[in-house]
Every structure is written in structure tokens, then in C-alpha cells.
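Asks: Below you'll find the structure I mean.
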Amino acid sequence: MKTYGFEVAHGYEVLKGVVDANSKEDAKTKILEEDWEDIIDTYDVEGCTIGYEIIDIWEVE
């Protein structure tokens with residue numbers, strides 16, 4: 001299992017967190033299902049996102 005970092009937009013916020021997954025595709029599924037390990041940071045944005053929209057995802061080494 002690998003650890004992935006991510007940024008995801010939701011409503012008027014962007015969430016930055018980590019998720020453990022077997023692959024990048026598995027990580028994307030877990031992120032969209034809110035099955036992440038931890039949210040490290042959040043910040044407000046002007047635009048509203050309906051649902052979850054993955055901005056970036058990367059493997060943490």
C-alpha cells in the first residue's frame with residue numbers, strides 16, 4: 001500500500017490531505033468517497049464546486 005497526497009475542491013473550500021491506497025486510481029476512488037486518512041489543511045476559494053473535484057494527486061515518498 002502507498003500513501004498519496006491530494007488537493008480536492010468541495011464547495012467553497014480546497015482540502016489538502018493524504019490517503020493510503022494500492023494505486024493512483026484506487027486513491028482517486030477513496031478521495032471521492034471521503035475515505036481519506038487525514039486532512040492536513042483547508043483554505044477558502046471564491047468559486048463553488050458541487051461535489052468533489054480532484055485538483056491534484058501525487059505519491060508521497
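Scheme for the C-alpha cells: letters A, B, ... for chains in order shown; per-chain residue numbers from 1; ligand numbers from 1 in order shown.
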Could you list, as a short mmCIF file (atom, residue, chain, number, x, y, z; two decimals) with N, CA, C and O atoms, in the first residue's frame, every residue within 8 Å of stretch 32-47 of chain A, counting only C-alpha atoms and ignoring same-chain residues fewer than 6 positions away?
Replies:
data_model
loop_
_atom_site.label_atom_id
_atom_site.label_comp_id
_atom_site.auth_asym_id
_atom_site.auth_seq_id
_atom_site.Cartn_x
_atom_site.Cartn_y
_atom_site.Cartn_z
N GLY A 11 -17.29 22.54 -2.47
CA GLY A 11 -17.99 23.77 -2.07
C GLY A 11 -17.10 24.98 -2.30
O GLY A 11 -16.55 25.16 -3.37
N TYR A 12 -16.93 25.77 -1.27
CA TYR A 12 -16.07 26.95 -1.34
C TYR A 12 -14.72 26.71 -0.67
O TYR A 12 -14.05 27.64 -0.24
N GLU A 13 -14.31 25.45 -0.56
CA GLU A 13 -13.04 25.10 0.09
C GLU A 13 -12.20 24.19 -0.80
O GLU A 13 -12.73 23.46 -1.63
N VAL A 14 -10.90 24.22 -0.55
CA VAL A 14 -9.99 23.23 -1.10
C VAL A 14 -9.38 22.51 0.10
O VAL A 14 -8.92 23.14 1.06
N LEU A 15 -9.45 21.19 0.07
CA LEU A 15 -8.92 20.35 1.14
C LEU A 15 -7.61 19.73 0.67
O LEU A 15 -7.50 19.28 -0.47
N LYS A 16 -6.63 19.71 1.55
CA LYS A 16 -5.34 19.08 1.26
C LYS A 16 -5.17 17.95 2.27
O LYS A 16 -5.33 18.18 3.48
N GLY A 17 -4.91 16.73 1.78
CA GLY A 17 -4.84 15.61 2.70
C GLY A 17 -4.03 14.45 2.17
O GLY A 17 -3.32 14.57 1.16
N VAL A 18 -4.13 13.32 2.88
CA VAL A 18 -3.43 12.09 2.49
C VAL A 18 -4.39 10.92 2.55
O VAL A 18 -5.35 10.90 3.33
N VAL A 19 -4.10 9.92 1.70
CA VAL A 19 -4.91 8.71 1.64
C VAL A 19 -3.98 7.53 1.35
O VAL A 19 -3.01 7.68 0.61
N ASP A 20 -4.24 6.40 1.97
CA ASP A 20 -3.49 5.17 1.69
C ASP A 20 -4.27 4.35 0.67
O ASP A 20 -5.48 4.15 0.83
N GLU A 53 -14.05 17.63 -6.59
CA GLU A 53 -13.27 17.70 -7.83
C GLU A 53 -11.79 17.62 -7.47
O GLU A 53 -11.28 18.50 -6.77
N ILE A 54 -11.13 16.56 -7.90
CA ILE A 54 -9.72 16.38 -7.59
C ILE A 54 -8.90 17.38 -8.39
O ILE A 54 -9.00 17.44 -9.62
#
Asks: Have a look at atom CA of A:Phe6 and atom CA of A:Asp56 and let me know their distance in Å, one decimal.
Replies: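 Separating atom CA of A:Phe6 from atom CA of A:Asp56 is a distance of 5.5 Å.
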Asks: From the list A:Ile31, A:Thr49, A:Asp26, A:Glu61, which residue is nearest A:Glu7 when using only C-alpha atoms?
Replies: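 The answer is A:Ile31, which sits nearest to A:Glu7.
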Asks: List every residue of chain A that DSSP, applied to the backbone of this structure, assigns to helix (DSSP H, G or I), and report them as a PyMOL selection string.
Replies: chain A and resi 24-32
Asks: From the list A:Gly51, A:Asn22, A:Val60, A:Ala27, which residue is nearest A:Gly5 when using only C-alpha atoms?
Replies: A:Val60
Asks: Which one is closest to A:Tyr4: A:Thr29, A:Lys24, A:Tyr52, A:Glu59? Count only C-alpha atoms.
Replies: A:Glu59
Asks: Would you please give, as a count of residues only, all residues of chain A that DSSP assigns to strand (DSSP E) based on the backbone?
Replies: 43
